[in-house]
file run-v1.cif (mmCIF, C-alpha atoms)
data_structure
loop_
_atom_site.label_atom_id
_atom_site.label_comp_id
_atom_site.auth_asym_id
_atom_site.auth_seq_id
_atom_site.Cartn_x
_atom_site.Cartn_y
_atom_site.Cartn_z
CA MET Z 1 8.62 27.04 12.04
CA TYR Z 2 5.08 25.89 11.17
CA GLU Z 3 3.46 28.79 12.99
CA LYS Z 4 5.51 31.19 10.95
CA TYR Z 5 3.93 29.93 7.74
CA ASP Z 6 0.43 29.24 9.12
CA ILE Z 7 0.77 25.53 8.67
CA LEU Z 8 -1.11 22.93 10.62
CA HIS Z 9 1.25 20.06 11.25
CA GLN Z 10 -0.60 16.75 11.53
CA ARG Z 11 1.35 13.79 12.76
CA THR Z 12 0.57 10.09 12.79
CA CYS Z 13 0.42 7.89 15.87
CA VAL Z 14 3.29 5.51 16.57
CA GLU Z 15 3.38 2.41 14.36
CA THR Z 16 0.38 3.36 12.29
CA PRO Z 17 1.69 4.06 8.81
CA GLN Z 18 -1.91 3.62 7.64
CA GLN Z 19 -2.62 7.14 8.74
CA ASN Z 20 -0.13 8.41 6.22
CA VAL Z 21 -1.53 6.30 3.43
CA VAL Z 22 -0.73 8.67 0.59
CA GLY Z 23 2.94 8.97 1.54
CA GLU Z 24 3.39 5.28 2.17
CA ARG Z 25 1.62 4.27 -1.02
CA LYS Z 26 3.83 6.61 -2.99
CA HIS Z 27 6.87 4.95 -1.47
CA GLN Z 28 5.67 1.59 -2.61
CA HIS Z 29 5.04 2.90 -6.11
CA ILE Z 30 8.45 4.55 -6.29
CA MET Z 31 10.32 1.53 -4.93
CA ASN Z 32 8.52 -0.84 -7.31
CA VAL Z 33 9.47 1.18 -10.34
CA THR Z 34 12.96 1.79 -8.93
CA CYS Z 35 13.55 -1.95 -8.75
CA SER Z 36 12.38 -2.47 -12.32
CA LEU Z 37 14.59 0.28 -13.68
CA LEU Z 38 17.56 -0.89 -11.64
CA PHE Z 39 17.26 -4.42 -13.00
CA GLN Z 40 16.62 -3.19 -16.52
CA SER Z 41 19.70 -1.00 -16.53
CA GLY Z 42 21.98 -3.50 -14.82
CA LEU Z 43 23.47 -0.69 -12.77
CA SER Z 44 25.00 -1.28 -9.36
CA LYS Z 45 22.71 -0.77 -6.38
CA ILE Z 46 24.67 2.24 -5.18
CA TYR Z 47 23.03 4.28 -7.94
CA TRP Z 48 19.57 3.82 -6.42
CA SER Z 49 19.35 7.52 -5.63
CA TYR Z 50 19.53 8.40 -9.33
CA VAL Z 51 16.96 5.74 -10.14
CA ALA Z 52 14.57 7.00 -7.46
CA SER Z 53 14.88 10.57 -8.69
CA HIS Z 54 14.24 9.48 -12.26
CA VAL Z 55 11.26 7.42 -11.16
CA THR Z 56 9.69 10.42 -9.43
CA HIS Z 57 10.19 12.37 -12.63
CA LEU Z 58 8.37 9.64 -14.54
CA ILE Z 59 5.55 9.12 -12.04
CA ASN Z 60 4.77 12.82 -12.05
CA ARG Z 61 4.33 12.69 -15.79
CA LEU Z 62 2.24 9.54 -16.03
CA PRO Z 63 -1.56 9.60 -15.97
CA SER Z 64 -3.09 8.55 -12.68
CA LYS Z 65 -6.40 6.88 -11.95
CA ILE Z 66 -7.11 9.03 -8.94
CA LEU Z 67 -6.76 12.19 -11.05
CA LYS Z 68 -9.13 10.79 -13.67
CA GLY Z 69 -6.47 10.09 -16.26
CA LYS Z 70 -4.55 13.32 -15.78
CA SER Z 71 -0.95 13.39 -14.72
CA PRO Z 72 0.25 15.11 -11.54
CA TYR Z 73 2.37 17.37 -13.72
CA GLU Z 74 -0.70 18.51 -15.62
CA MET Z 75 -2.61 19.17 -12.39
CA LEU Z 76 0.19 21.33 -11.04
CA TYR Z 77 1.33 23.25 -14.08
CA CYS Z 78 -1.99 23.24 -15.98
CA GLN Z 79 -0.32 21.98 -19.13
CA PRO Z 80 0.26 18.43 -20.32
CA PRO Z 81 3.75 17.03 -19.94
CA THR Z 82 5.89 16.18 -22.90
CA TYR Z 83 7.33 12.74 -23.38
CA LEU Z 84 9.59 13.76 -26.24
CA ASN Z 85 12.77 14.10 -24.22
CA LEU Z 86 12.34 10.89 -22.27
CA LYS Z 87 15.16 8.41 -22.46
CA THR Z 88 15.13 4.85 -21.22
CA PHE Z 89 16.98 4.61 -17.96
CA GLY Z 90 20.42 3.05 -18.25
CA CYS Z 91 20.55 3.14 -22.02
CA LEU Z 92 23.81 3.48 -23.92
CA CYS Z 93 24.78 7.01 -24.87
CA PHE Z 94 27.69 8.60 -26.62
CA ALA Z 95 28.18 12.07 -25.21
CA SER Z 96 30.21 14.46 -27.26
CA THR Z 97 33.28 15.75 -25.50
CA LEU Z 98 33.72 19.44 -25.05
CA GLU Z 99 35.32 21.03 -28.01
CA ASN Z 100 37.60 23.48 -26.28
CA ASN Z 101 39.73 20.86 -24.56
CA ARG Z 102 39.76 18.44 -27.43
CA SER Z 103 42.60 17.94 -29.82
CA LYS Z 104 42.36 16.21 -33.13
CA LEU Z 105 43.49 12.83 -31.99
CA VAL Z 106 41.38 12.26 -28.90
CA PRO Z 107 38.01 10.52 -28.89
CA ARG Z 108 35.15 12.74 -29.89
CA SER Z 109 32.70 11.17 -27.52
CA ARG Z 110 32.46 9.36 -24.23
CA LYS Z 111 30.70 6.04 -23.90
CA SER Z 112 28.23 6.39 -21.07
CA VAL Z 113 24.83 5.43 -19.76
CA PHE Z 114 21.87 7.70 -19.11
CA ILE Z 115 20.96 8.00 -15.41
CA GLY Z 116 18.58 10.93 -15.18
CA TYR Z 117 17.83 14.60 -15.55
CA LYS Z 118 19.03 17.52 -13.55
CA THR Z 119 16.48 20.08 -12.49
CA GLY Z 120 17.34 23.54 -13.62
CA ILE Z 121 19.79 22.37 -16.26
CA LYS Z 122 18.80 21.40 -19.75
CA GLY Z 123 20.91 18.33 -19.97
CA TYR Z 124 21.20 14.73 -19.04
CA VAL Z 125 23.06 13.15 -16.18
CA LEU Z 126 25.37 10.52 -17.57
CA LEU Z 127 27.63 7.91 -16.08
CA ASP Z 128 30.90 7.27 -17.85
CA VAL Z 129 31.27 3.57 -18.49
CA LYS Z 130 35.04 3.53 -18.20
CA ASN Z 131 35.91 5.61 -15.17
CA ARG Z 132 32.45 5.73 -13.53
CA GLU Z 133 32.43 9.50 -13.55
CA ILE Z 134 29.06 11.20 -13.33
CA PHE Z 135 28.73 14.20 -15.59
CA ILE Z 136 26.10 16.34 -17.24
CA ASN Z 137 25.92 16.68 -20.97
CA GLU Z 138 23.41 18.07 -23.36
CA LYS Z 139 24.61 16.78 -26.68
CA MET Z 140 24.56 13.05 -26.92
CA LEU Z 141 23.54 10.22 -29.14
CA SER Z 142 21.43 7.68 -27.34
CA PHE Z 143 20.65 4.08 -28.19
CA MET Z 144 17.56 3.52 -26.14
CA LYS Z 145 17.27 -0.18 -26.76
CA ILE Z 146 20.81 -1.04 -25.76
CA PHE Z 147 21.46 -1.54 -22.08
CA PHE Z 148 25.20 -1.69 -22.16
CA LEU Z 149 25.70 -2.80 -18.58
CA THR Z 150 23.49 -5.85 -18.85
CA ILE Z 151 25.36 -7.28 -21.80
CA MET L 1 -12.67 -39.96 39.73
CA PRO L 2 -9.88 -41.52 41.81
CA LYS L 3 -9.39 -38.09 43.27
CA LEU L 4 -13.04 -37.82 44.22
CA ILE L 5 -12.93 -41.21 45.92
CA ASP L 6 -9.70 -40.34 47.66
CA ASP L 7 -10.86 -37.00 48.92
CA SER L 8 -14.30 -37.86 50.12
CA SER L 9 -14.03 -41.61 50.79
CA CYS L 10 -17.09 -42.53 48.85
CA LYS L 11 -18.30 -45.35 46.65
CA LEU L 12 -19.32 -45.00 43.04
CA ILE L 13 -21.96 -47.42 41.83
CA PHE L 14 -22.33 -47.49 38.08
CA SER L 15 -25.52 -48.81 36.63
CA HIS L 16 -27.13 -48.87 33.20
CA LYS L 17 -28.14 -45.25 33.00
CA SER L 18 -26.77 -43.57 36.08
CA CYS L 19 -24.06 -43.51 38.71
CA GLN L 20 -24.69 -43.23 42.41
CA ILE L 21 -22.26 -41.81 44.87
CA GLN L 22 -22.42 -43.34 48.35
CA ASP L 23 -20.65 -42.39 51.51
CA ASN L 24 -18.27 -45.14 52.62
CA THR L 25 -19.17 -45.05 56.30
CA THR L 26 -22.86 -44.17 56.36
CA PHE L 27 -23.81 -45.73 52.98
CA LYS L 28 -25.90 -42.63 52.31
CA THR L 29 -26.41 -41.56 48.70
CA ILE L 30 -24.74 -38.26 48.46
CA GLY L 31 -25.00 -37.69 44.74
CA GLN L 32 -26.29 -39.04 41.49
CA ALA L 33 -25.07 -38.65 37.97
CA ASP L 34 -27.12 -39.59 34.95
CA LEU L 35 -25.66 -40.74 31.66
CA HIS L 36 -26.11 -38.22 28.89
CA GLY L 37 -24.53 -38.97 25.54
CA GLY L 38 -21.58 -40.85 26.97
CA LEU L 39 -20.92 -38.56 29.92
CA TYR L 40 -22.15 -38.77 33.48
CA CYS L 41 -23.70 -35.47 34.46
CA LEU L 42 -23.89 -34.78 38.16
CA HIS L 43 -27.22 -33.69 39.65
CA ASP L 44 -27.55 -30.91 42.11
CA PRO L 45 -26.39 -32.32 45.40
CA VAL L 46 -29.40 -32.82 47.64
CA ASN L 47 -28.25 -34.94 50.51
CA ILE L 48 -25.02 -33.26 51.18
CA HIS L 49 -24.54 -31.61 54.51
CA GLU L 50 -20.83 -31.76 54.90
CA GLU L 51 -18.83 -28.88 53.50
CA LYS L 52 -16.11 -30.91 51.89
CA TYR L 53 -18.59 -32.56 49.56
CA LEU L 54 -20.02 -29.21 48.69
CA MET L 55 -16.64 -27.93 47.63
CA ASN L 56 -16.02 -30.90 45.40
CA CYS L 57 -19.42 -30.75 43.83
CA ASN L 58 -19.49 -27.05 43.23
CA VAL L 59 -16.72 -27.17 40.72
CA LEU L 60 -18.24 -30.03 38.81
CA ASN L 61 -21.74 -28.80 38.91
CA SER L 62 -21.85 -25.07 38.68
CA LYS L 63 -23.80 -24.15 35.58
CA GLU L 64 -22.01 -20.82 35.19
CA TYR L 65 -18.70 -22.50 34.62
CA ASP L 66 -20.27 -24.97 32.25
CA ILE L 67 -20.82 -22.31 29.65
CA ASP L 68 -17.21 -21.29 29.48
CA LEU L 69 -15.82 -24.68 30.31
CA TRP L 70 -16.31 -26.06 26.83
CA HIS L 71 -14.98 -22.84 25.41
CA PHE L 72 -11.91 -23.27 27.61
CA ARG L 73 -11.56 -27.01 26.94
CA LEU L 74 -11.65 -26.56 23.21
CA GLY L 75 -8.92 -23.95 23.38
CA HIS L 76 -10.92 -20.72 23.22
CA PRO L 77 -12.50 -21.20 19.81
CA SER L 78 -14.81 -18.61 18.37
CA LYS L 79 -18.53 -18.58 18.95
CA HIS L 80 -19.08 -19.91 15.47
CA VAL L 81 -16.86 -22.95 16.07
CA VAL L 82 -18.46 -23.68 19.45
CA GLU L 83 -21.91 -23.63 17.85
CA GLN L 84 -20.68 -26.00 15.16
CA VAL L 85 -19.33 -28.39 17.81
CA CYS L 86 -22.59 -28.16 19.76
CA LYS L 87 -24.50 -29.24 16.68
CA THR L 88 -22.35 -32.27 15.88
CA PHE L 89 -21.75 -33.42 19.46
CA PRO L 90 -24.95 -33.17 21.47
CA TYR L 91 -23.22 -33.66 24.83
CA VAL L 92 -21.38 -30.40 24.36
CA ASN L 93 -23.93 -28.01 25.74
CA SER L 94 -22.29 -24.69 25.60
CA SER L 95 -23.99 -21.43 24.92
CA PHE L 96 -20.95 -19.30 24.58
CA ASP L 97 -22.12 -15.76 24.51
CA LYS L 98 -20.07 -14.33 27.32
CA MET L 99 -17.16 -12.00 27.05
CA CYS L 100 -13.96 -13.93 27.56
CA ASP L 101 -11.06 -11.81 28.83
CA ILE L 102 -8.44 -14.27 27.69
CA CYS L 103 -9.72 -14.23 24.14
CA HIS L 104 -9.48 -10.46 24.06
CA LEU L 105 -5.98 -10.49 25.48
CA ALA L 106 -4.75 -13.18 23.14
CA LYS L 107 -6.56 -12.55 19.90
CA HIS L 108 -7.01 -8.83 19.72
CA HIS L 109 -7.01 -7.59 16.16
CA LYS L 110 -6.10 -4.28 14.72
CA LEU L 111 -9.25 -2.42 13.87
CA PRO L 112 -9.62 -1.48 10.23
CA PHE L 113 -8.72 2.01 9.16
CA GLN L 114 -11.36 4.10 7.55
CA ILE L 115 -10.58 5.33 4.11
CA SER L 116 -9.93 9.02 4.23
CA ASN L 117 -12.25 11.10 2.10
CA ILE L 118 -10.48 14.39 2.45
CA VAL L 119 -10.27 16.12 -0.90
CA SER L 120 -8.22 19.25 -1.22
CA LEU L 121 -9.42 21.73 -3.77
CA ASN L 122 -6.25 23.66 -4.47
CA THR L 123 -2.69 22.60 -4.90
CA PHE L 124 -0.61 22.81 -1.73
CA ASP L 125 -3.67 22.90 0.54
CA LEU L 126 -2.51 19.62 1.95
CA ILE L 127 0.81 17.90 1.48
CA HIS L 128 1.84 14.47 2.62
CA THR L 129 5.42 13.88 3.63
CA ASP L 130 7.28 10.81 4.65
CA ILE L 131 10.86 9.75 5.18
CA TRP L 132 11.95 6.52 3.59
CA GLY L 133 14.94 4.57 4.80
CA PRO L 134 17.48 3.82 6.01
CA ILE L 135 18.57 1.60 3.18
CA ALA L 136 21.35 -0.92 3.78
CA ILE L 137 23.26 0.17 0.68
CA SER L 138 23.91 3.87 0.77
CA SER L 139 24.02 5.57 -2.60
CA ILE L 140 27.19 6.60 -4.39
CA HIS L 141 26.98 10.00 -2.72
CA GLY L 142 26.24 8.55 0.72
CA HIS L 143 22.49 9.03 0.79
CA LYS L 144 20.60 6.67 3.05
CA TYR L 145 17.16 8.27 3.25
CA PHE L 146 14.83 10.15 1.03
CA LEU L 147 12.09 12.57 1.90
CA ILE L 148 9.00 12.35 -0.24
CA ILE L 149 6.53 15.19 -0.47
CA VAL L 150 3.22 14.53 -2.19
CA ASP L 151 0.76 17.28 -2.93
CA ASP L 152 -2.74 16.02 -2.17
CA CYS L 153 -4.52 17.84 -4.97
CA SER L 154 -2.22 17.23 -7.90
CA ARG L 155 -0.41 14.17 -6.50
CA HIS L 156 2.79 15.69 -7.78
CA SER L 157 5.66 14.25 -5.80
CA TRP L 158 9.06 15.61 -4.97
CA ILE L 159 11.93 13.49 -3.83
CA PHE L 160 14.80 14.80 -1.71
CA LEU L 161 17.75 12.56 -1.00
CA MET L 162 19.19 12.76 2.48
CA LYS L 163 22.25 11.47 4.27
CA THR L 164 20.70 11.84 7.72
CA LYS L 165 17.18 12.36 8.96
CA GLY L 166 18.20 15.68 10.45
CA GLU L 167 18.23 17.27 7.03
CA THR L 168 14.45 17.00 6.88
CA ARG L 169 13.85 20.29 8.65
CA ASN L 170 15.92 22.33 6.24
CA LEU L 171 14.51 20.58 3.22
CA LEU L 172 10.93 21.17 4.35
CA HIS L 173 11.74 24.76 5.12
CA ASN L 174 13.19 25.29 1.68
CA PHE L 175 10.25 23.53 0.11
CA ILE L 176 7.74 25.75 1.89
CA ILE L 177 9.61 28.85 0.76
CA LEU L 178 9.64 27.48 -2.78
CA VAL L 179 5.91 26.88 -2.68
CA LYS L 180 5.15 30.28 -1.16
CA ASN L 181 6.88 31.93 -4.04
#

call {"tool": "encode", "arguments": {"input": "run-v1.cif", "output": "structure tokens"}}
result
Amino acid sequence: MYEKYDILHQRTCVETPQQNVVGERKHQHIMNVTCSLLFQSGLSKIYWSYVASHVTHLINRLPSKILKGKSPYEMLYCQPPTYLNLKTFGCLCFASTLENNRSKLVPRSRKSVFIGYKTGIKGYVLLDVKNREIFINEKMLSFMKIFFLTI
Amino acid sequence: MPKLIDDSSCKLIFSHKSCQIQDNTTFKTIGQADLHGGLYCLHDPVNIHEEKYLMNCNVLNSKEYDIDLWHFRLGHPSKHVVEQVCKTFPYVNSSFDKMCDICHLAKHHKLPFQISNIVSLNTFDLIHTDIWGPIAISSIHGHKYFLIIVDDCSRHSWIFLMKTKGETRNLLHNFIILVKN
């Protein structure tokens, strides 16, 4: 597979993670931030995958010392990232329900918490507080200082 | 000492500054030990003809063993510690500068890793990948591992959640195709 793409595959020796320092250091960084966000949001541990994905999203957009204050995102796409659509992880959101299957007397929104972004879709991944359903919604009202699950 | 007397049937005569070793039957002096800082140090045996004395004396007297002996007695301390002991206790005369096999077997350290100074000029010249996991609590969708790919130049990282390690191949393959395009 590597020959096909002209790739030199370098491997580490057994039990020497030091040789893969960049990868291992990134793990540590991701897991540190994952823990903070998990505790901040009060979510159950089984949602760690969403936290880790969100953390990677954040780390890629944060300035790094090794890149002389630039963010990885900027290095790759040659344009600075935007922080305008960032939401705090695990914050309380009210997502509007779809209009076509809504009658007049049903709730107009779903109480949920924000758990990440979805690549390729302009929307947010949300977790319904009541029935623990994970869904994607674009239109929502977020209260970034309220972590519903920790209350 | 009782062993020495038992084995070689000799007499030990202790005096102010030295100790003489006499044969029990012939009353010949077969060895002398002088007092040095609280210890009797045996001289080179001069009057010994019999082999059994030689054997006993060799162990006590051989200068080669003396060097390591204190190093052994003190429980294989480092050269620095031995020197310190030599300074404070003058009767410890060890010049420990030999290679000790046991020390190497018992106290071998990992050698430090050199910091890599590889700098890639373009994005995707060099990527670092690593699999993390397995985690005790699998995620809500059953993921236990994640594959992390870090581009060396931009340090942009991608995370791919995996249920088994076997998915790595496909994920990498897809990633390479993505990058090529």

call {"tool": "resolve_selection", "arguments": {"input": "run-v1.cif", "expression": "the PyMOL selection byres ((chain Z) within 9 of (chain L))", "output": "ChimeraX atom specification"}}
result
/Z:1,5,18-24,26-27,45-50,52-53,56-57,59-61,64,66-67,71-76

call {"tool": "atom_distance", "arguments": {"input": "run-v1.cif", "atom1": "atom CA of Pro90 of chain L", "atom2": "atom CA of Ile21 of chain L"}}
result
25.1 Å

call {"tool": "closest_residue", "arguments": {"input": "run-v1.cif", "among": "Z:Ser96, Z:Asn32, Z:Ser103, Z:Ser44", "to": "Ser142 of chain Z", "atoms": "only C-alpha atoms"}}
result
Z:Ser96

call {"tool": "resolve_selection", "arguments": {"input": "run-v1.cif", "expression": "the PyMOL selection byres ((chain Z and resi 109-120) around 9)", "output": "PyMOL selection string"}}
result
chain Z and resi 41+47+50-51+53-54+57+87-98+106-108+121-130+132+134+136+140+142+147-149

call {"tool": "atom_distance", "arguments": {"input": "run-v1.cif", "atom1": "atom CA of Cys19 of chain L", "atom2": "atom CA of Tyr40 of chain L"}}
result
7.3 Å

call {"tool": "decode", "arguments": {"input": "run-v1.cif", "residues": "segment 107-145 of chain Z", "atoms": "N, CA and C atoms", "output": "PDB file, in the first residue's frame"}}
result
ATOM      1  N   PRO Z 107     -44.040  21.130  21.614  1.00  0.00           N
ATOM      2  CA  PRO Z 107     -42.942  22.057  21.935  1.00  0.00           C
ATOM      3  C   PRO Z 107     -42.209  22.524  20.683  1.00  0.00           C
ATOM      4  N   ARG Z 108     -41.815  23.770  20.705  1.00  0.00           N
ATOM      5  CA  ARG Z 108     -41.133  24.329  19.539  1.00  0.00           C
ATOM      6  C   ARG Z 108     -39.624  24.099  19.563  1.00  0.00           C
ATOM      7  N   SER Z 109     -39.147  23.613  20.679  1.00  0.00           N
ATOM      8  CA  SER Z 109     -37.707  23.344  20.721  1.00  0.00           C
ATOM      9  C   SER Z 109     -37.415  22.143  21.610  1.00  0.00           C
ATOM     10  N   ARG Z 110     -36.213  21.659  21.452  1.00  0.00           N
ATOM     11  CA  ARG Z 110     -35.774  20.515  22.260  1.00  0.00           C
ATOM     12  C   ARG Z 110     -34.646  20.988  23.179  1.00  0.00           C
ATOM     13  N   LYS Z 111     -34.763  20.619  24.436  1.00  0.00           N
ATOM     14  CA  LYS Z 111     -33.708  20.972  25.382  1.00  0.00           C
ATOM     15  C   LYS Z 111     -32.556  19.984  25.199  1.00  0.00           C
ATOM     16  N   SER Z 112     -31.373  20.534  24.916  1.00  0.00           N
ATOM     17  CA  SER Z 112     -30.261  19.636  24.610  1.00  0.00           C
ATOM     18  C   SER Z 112     -28.941  20.280  25.016  1.00  0.00           C
ATOM     19  N   VAL Z 113     -27.889  19.490  24.921  1.00  0.00           N
ATOM     20  CA  VAL Z 113     -26.558  20.047  25.174  1.00  0.00           C
ATOM     21  C   VAL Z 113     -25.699  19.902  23.922  1.00  0.00           C
ATOM     22  N   PHE Z 114     -24.793  20.854  23.775  1.00  0.00           N
ATOM     23  CA  PHE Z 114     -23.909  20.899  22.605  1.00  0.00           C
ATOM     24  C   PHE Z 114     -22.760  19.916  22.795  1.00  0.00           C
ATOM     25  N   ILE Z 115     -22.541  19.014  21.823  1.00  0.00           N
ATOM     26  CA  ILE Z 115     -21.428  18.069  21.966  1.00  0.00           C
ATOM     27  C   ILE Z 115     -20.521  18.027  20.730  1.00  0.00           C
ATOM     28  N   GLY Z 116     -20.575  19.026  19.894  1.00  0.00           N
ATOM     29  CA  GLY Z 116     -19.562  19.040  18.826  1.00  0.00           C
ATOM     30  C   GLY Z 116     -20.069  19.512  17.485  1.00  0.00           C
ATOM     31  N   TYR Z 117     -19.170  19.430  16.517  1.00  0.00           N
ATOM     32  CA  TYR Z 117     -19.482  19.801  15.144  1.00  0.00           C
ATOM     33  C   TYR Z 117     -19.427  18.548  14.294  1.00  0.00           C
ATOM     34  N   LYS Z 118     -19.994  18.647  13.151  1.00  0.00           N
ATOM     35  CA  LYS Z 118     -19.926  17.532  12.206  1.00  0.00           C
ATOM     36  C   LYS Z 118     -19.235  18.054  10.963  1.00  0.00           C
ATOM     37  N   THR Z 119     -18.186  17.376  10.557  1.00  0.00           N
ATOM     38  CA  THR Z 119     -17.483  17.848   9.353  1.00  0.00           C
ATOM     39  C   THR Z 119     -18.377  17.638   8.135  1.00  0.00           C
ATOM     40  N   GLY Z 120     -18.375  18.625   7.306  1.00  0.00           N
ATOM     41  CA  GLY Z 120     -19.155  18.521   6.078  1.00  0.00           C
ATOM     42  C   GLY Z 120     -20.575  19.033   6.225  1.00  0.00           C
ATOM     43  N   ILE Z 121     -21.035  19.183   7.440  1.00  0.00           N
ATOM     44  CA  ILE Z 121     -22.396  19.681   7.648  1.00  0.00           C
ATOM     45  C   ILE Z 121     -22.323  20.960   8.467  1.00  0.00           C
ATOM     46  N   LYS Z 122     -23.008  21.968   8.004  1.00  0.00           N
ATOM     47  CA  LYS Z 122     -23.035  23.205   8.774  1.00  0.00           C
ATOM     48  C   LYS Z 122     -24.087  23.064   9.855  1.00  0.00           C
ATOM     49  N   GLY Z 123     -23.681  22.537  10.947  1.00  0.00           N
ATOM     50  CA  GLY Z 123     -24.643  22.347  12.023  1.00  0.00           C
ATOM     51  C   GLY Z 123     -23.923  21.873  13.257  1.00  0.00           C
ATOM     52  N   TYR Z 124     -24.667  21.736  14.298  1.00  0.00           N
ATOM     53  CA  TYR Z 124     -24.068  21.314  15.556  1.00  0.00           C
ATOM     54  C   TYR Z 124     -24.611  19.951  15.953  1.00  0.00           C
ATOM     55  N   VAL Z 125     -23.761  19.169  16.576  1.00  0.00           N
ATOM     56  CA  VAL Z 125     -24.210  17.876  17.093  1.00  0.00           C
ATOM     57  C   VAL Z 125     -24.736  18.125  18.496  1.00  0.00           C
ATOM     58  N   LEU Z 126     -25.951  17.704  18.719  1.00  0.00           N
ATOM     59  CA  LEU Z 126     -26.590  17.969  20.006  1.00  0.00           C
ATOM     60  C   LEU Z 126     -27.068  16.665  20.636  1.00  0.00           C
ATOM     61  N   LEU Z 127     -27.134  16.706  21.943  1.00  0.00           N
ATOM     62  CA  LEU Z 127     -27.599  15.538  22.690  1.00  0.00           C
ATOM     63  C   LEU Z 127     -28.862  15.936  23.427  1.00  0.00           C
ATOM     64  N   ASP Z 128     -29.941  15.246  23.099  1.00  0.00           N
ATOM     65  CA  ASP Z 128     -31.219  15.554  23.746  1.00  0.00           C
ATOM     66  C   ASP Z 128     -31.136  15.178  25.221  1.00  0.00           C
ATOM     67  N   VAL Z 129     -31.553  16.103  26.057  1.00  0.00           N
ATOM     68  CA  VAL Z 129     -31.425  15.865  27.491  1.00  0.00           C
ATOM     69  C   VAL Z 129     -32.394  14.784  27.963  1.00  0.00           C
ATOM     70  N   LYS Z 130     -33.581  14.771  27.364  1.00  0.00           N
ATOM     71  CA  LYS Z 130     -34.607  13.851  27.845  1.00  0.00           C
ATOM     72  C   LYS Z 130     -34.374  12.413  27.413  1.00  0.00           C
ATOM     73  N   ASN Z 131     -34.296  12.205  26.117  1.00  0.00           N
ATOM     74  CA  ASN Z 131     -34.201  10.813  25.645  1.00  0.00           C
ATOM     75  C   ASN Z 131     -32.804  10.437  25.162  1.00  0.00           C
ATOM     76  N   ARG Z 132     -31.827  11.257  25.428  1.00  0.00           N
ATOM     77  CA  ARG Z 132     -30.413  10.985  25.102  1.00  0.00           C
ATOM     78  C   ARG Z 132     -30.207  10.680  23.629  1.00  0.00           C
ATOM     79  N   GLU Z 133     -30.997  11.296  22.793  1.00  0.00           N
ATOM     80  CA  GLU Z 133     -30.825  11.087  21.356  1.00  0.00           C
ATOM     81  C   GLU Z 133     -29.805  12.092  20.827  1.00  0.00           C
ATOM     82  N   ILE Z 134     -28.938  11.613  19.938  1.00  0.00           N
ATOM     83  CA  ILE Z 134     -27.944  12.514  19.350  1.00  0.00           C
ATOM     84  C   ILE Z 134     -28.456  12.942  17.986  1.00  0.00           C
ATOM     85  N   PHE Z 135     -28.519  14.239  17.773  1.00  0.00           N
ATOM     86  CA  PHE Z 135     -29.039  14.730  16.500  1.00  0.00           C
ATOM     87  C   PHE Z 135     -28.261  15.969  16.072  1.00  0.00           C
ATOM     88  N   ILE Z 136     -28.442  16.306  14.819  1.00  0.00           N
ATOM     89  CA  ILE Z 136     -27.730  17.462  14.267  1.00  0.00           C
ATOM     90  C   ILE Z 136     -28.740  18.553  13.972  1.00  0.00           C
ATOM     91  N   ASN Z 137     -28.412  19.755  14.389  1.00  0.00           N
ATOM     92  CA  ASN Z 137     -29.331  20.855  14.174  1.00  0.00           C
ATOM     93  C   ASN Z 137     -28.546  22.125  13.910  1.00  0.00           C
ATOM     94  N   GLU Z 138     -29.094  22.946  13.057  1.00  0.00           N
ATOM     95  CA  GLU Z 138     -28.383  24.171  12.744  1.00  0.00           C
ATOM     96  C   GLU Z 138     -28.921  25.330  13.578  1.00  0.00           C
ATOM     97  N   LYS Z 139     -30.243  25.362  13.668  1.00  0.00           N
ATOM     98  CA  LYS Z 139     -30.836  26.506  14.365  1.00  0.00           C
ATOM     99  C   LYS Z 139     -31.021  26.162  15.835  1.00  0.00           C
ATOM    100  N   MET Z 140     -30.336  26.920  16.664  1.00  0.00           N
ATOM    101  CA  MET Z 140     -30.486  26.667  18.091  1.00  0.00           C
ATOM    102  C   MET Z 140     -30.113  27.909  18.867  1.00  0.00           C
ATOM    103  N   LEU Z 141     -30.589  27.942  20.068  1.00  0.00           N
ATOM    104  CA  LEU Z 141     -30.302  29.039  20.971  1.00  0.00           C
ATOM    105  C   LEU Z 141     -29.420  28.458  22.071  1.00  0.00           C
ATOM    106  N   SER Z 142     -28.213  29.003  22.197  1.00  0.00           N
ATOM    107  CA  SER Z 142     -27.324  28.378  23.177  1.00  0.00           C
ATOM    108  C   SER Z 142     -27.076  29.297  24.372  1.00  0.00           C
ATOM    109  N   PHE Z 143     -26.962  28.694  25.509  1.00  0.00           N
ATOM    110  CA  PHE Z 143     -26.631  29.418  26.743  1.00  0.00           C
ATOM    111  C   PHE Z 143     -25.280  28.892  27.200  1.00  0.00           C
ATOM    112  N   MET Z 144     -24.243  29.625  26.776  1.00  0.00           N
ATOM    113  CA  MET Z 144     -22.909  29.041  26.879  1.00  0.00           C
ATOM    114  C   MET Z 144     -22.370  28.966  28.293  1.00  0.00           C
ATOM    115  N   LYS Z 145     -23.052  29.687  29.214  1.00  0.00           N
ATOM    116  CA  LYS Z 145     -22.529  29.642  30.580  1.00  0.00           C
ATOM    117  C   LYS Z 145     -23.251  28.613  31.431  1.00  0.00           C
TER     118      LYS Z 145
END
